[in-house]
Amino acid sequence: MELPAQTFQVTRADLVRYAGASGDFNPIHWSDRVATKVGLPGVIAHGMFTMALVGRAVTEWAGSPDAVVEYGVRFTRPVVVPDDDQGTEIEVTARVREVTEDGLTRLEVTATCLGEKVLAQARATIRTAR
Amino acid sequence: MSLDPSFVGRTYPPTAPYQVGREKIREFASAIGATDPAHHDPAAARAMGHPDVVAPPTFPVIVTMAASSQIIEDPALGVDYSRLVHGDQRFAYTRPVVAGDELVCVNTIEDVSTRGGHGFLTTRTDVSTVGGDPVVAVWARYVIRGEE
């Protein structure tokens, strides 16, 4: 079963805000000068910001903010965020891999940016029935 | 980059308690656009059976990232922070983090290896309350890129 796709817009302002809220001030997430110096095409989103947005999609599908039992991802490709008003977009889809007898649903999640997968092995287990 | 494999299995002393504030959860939830009332309104969280506002699933990284400096800045292990790339992240929850929690982290090095000139480091952080009740176990895998 496929779950309805969710799309998240990501701008530079979102990255600055996430840096402040999370305490991750690595300059590759706000300075083009530093990002390009280390070989990136430009400022990239925090992997953990992408993971947080995908987590939002998961809790949305679960229908409850406290239903996530397990959640893991591998960061495979940076999400480049241009310095303009639109930024970029992350699209998140998932399919149900398994529903266990004790009320757990295992999801296989796909997150893409500009048509390219940015995560691998993205999996979440949610508690379905309360 | 060569990491010392004898560090596998090493456990570090518990970190100083991290006090989870209600405003910090609200700030984090707002930063990721999570609008569910349970993240913002204590009454909504209590209606779901929680003592105070509920943190979003990736919130514990605030606590574990700070705690992991014990490992990443351990001079004996010798990680070059400027070459560190976050590879994997995983959380296994006993329960969600809520405002009012006082959290202690115990870091363990689960795996250290070197392949193709790159170093790989897997850490496990057991996050529990000061009273010793488990809250969430957090794994991170880092790649320490080799010299070109």
# chains A, B, ... in the order shown; residues from 1 in each chain; ligands from 1
call {"tool": "residues_around", "arguments": {"residues": "segment 98-114 of chain B", "least_positions_apart": "4", "cutoff": "8 Å", "atoms": "only C-alpha atoms", "output": "MDAnalysis selection string"}}
result
chainID B and resid 1:5 7:22 25 50:55 63:64 67:68 70:71 118:130
call {"tool": "select_by_dssp", "arguments": {"residues": "segment 37-148 of chain B", "states": "alpha helix (DSSP H)", "output": "MDAnalysis selection string"}}
result
chainID B and resid 42:47 60:67 69:72
call {"tool": "interface_residues", "arguments": {"of": "chain A", "to": "chain B", "cutoff": "9 Å", "atoms": "only C-alpha atoms", "output": "number ranges by chain"}}
result
A: 14-15, 17-24, 47-49, 51-53, 55-56, 59, 64-76
call {"tool": "write_last_selection", "arguments": {"atoms": "C-alpha atoms", "output": "CSV table (one decimal), in the first residue's frame"}}
result
chain,number,residue,atom,x,y,z
A,14,ASP,CA,14.3,27.4,7.1
A,15,LEU,CA,17.9,26.3,7.5
A,17,ARG,CA,15.9,28.7,11.8
A,18,TYR,CA,16.7,25.0,12.1
A,19,ALA,CA,20.3,25.8,12.9
A,20,GLY,CA,19.2,27.9,15.8
A,21,ALA,CA,16.6,25.5,17.1
A,22,SER,CA,18.9,22.4,16.9
A,23,GLY,CA,22.2,24.0,17.8
A,24,ASP,CA,23.9,22.7,14.6
A,47,GLY,CA,20.7,16.0,7.0
A,48,MET,CA,18.8,16.0,10.3
A,49,PHE,CA,16.5,18.8,9.0
A,51,MET,CA,15.1,13.6,8.6
A,52,ALA,CA,12.9,15.9,10.7
A,53,LEU,CA,10.7,16.8,7.7
A,55,GLY,CA,9.5,12.5,10.5
A,56,ARG,CA,6.7,15.0,10.1
A,59,THR,CA,3.7,11.2,12.2
A,64,SER,CA,-0.4,10.9,16.0
A,65,PRO,CA,2.7,12.8,17.0
A,66,ASP,CA,3.8,10.2,19.6
A,67,ALA,CA,3.3,7.0,17.5
A,68,VAL,CA,6.8,6.5,16.1
A,69,VAL,CA,8.5,3.5,17.6
A,70,GLU,CA,11.6,3.3,15.5
A,71,TYR,CA,13.0,5.6,12.7
A,72,GLY,CA,16.2,5.4,10.8
A,73,VAL,CA,17.7,6.8,7.6
A,74,ARG,CA,21.0,6.9,5.6
A,75,PHE,CA,22.0,10.2,4.1
A,76,THR,CA,23.0,9.6,0.5
call {"tool": "select_by_dssp", "arguments": {"residues": "segment 2-138 of chain B", "states": "strand (DSSP E)", "output": "PyMOL selection string"}}
result
chain B and resi 18-19+84-93+102-115+118-129+134-138
call {"tool": "residues_around", "arguments": {"residues": "segment 83-95 of chain A", "least_positions_apart": "4", "cutoff": "6 Å", "atoms": "only C-alpha atoms", "output": "NGL selection string"}}
result
:A and (1-3 or 5-11 or 107-113)
call {"tool": "atom_distance", "arguments": {"atom1": "atom CA of Pro78 of chain A", "atom2": "atom CA of Val34 of chain A"}}
result
15.0 Å
call {"tool": "closest_residue", "arguments": {"among": "A:Ala45, A:Leu119, A:Ala124, A:Val99", "to": "Val58 of chain A", "atoms": "only C-alpha atoms"}}
result
A:Ala124
call {"tool": "atom_distance", "arguments": {"atom1": "atom CA of Ser6 of chain B", "atom2": "atom CA of Pro134 of chain B"}}
result
27.6 Å
call {"tool": "closest_residue", "arguments": {"among": "A:Ala57, A:Ile44, A:Val96, A:Val16", "to": "Asp32 of chain A", "atoms": "only C-alpha atoms"}}
result
A:Ile44
call {"tool": "atom_distance", "arguments": {"atom1": "atom CA of Gly117 of chain B", "atom2": "atom CA of Ser31 of chain A"}}
result
28.3 Å
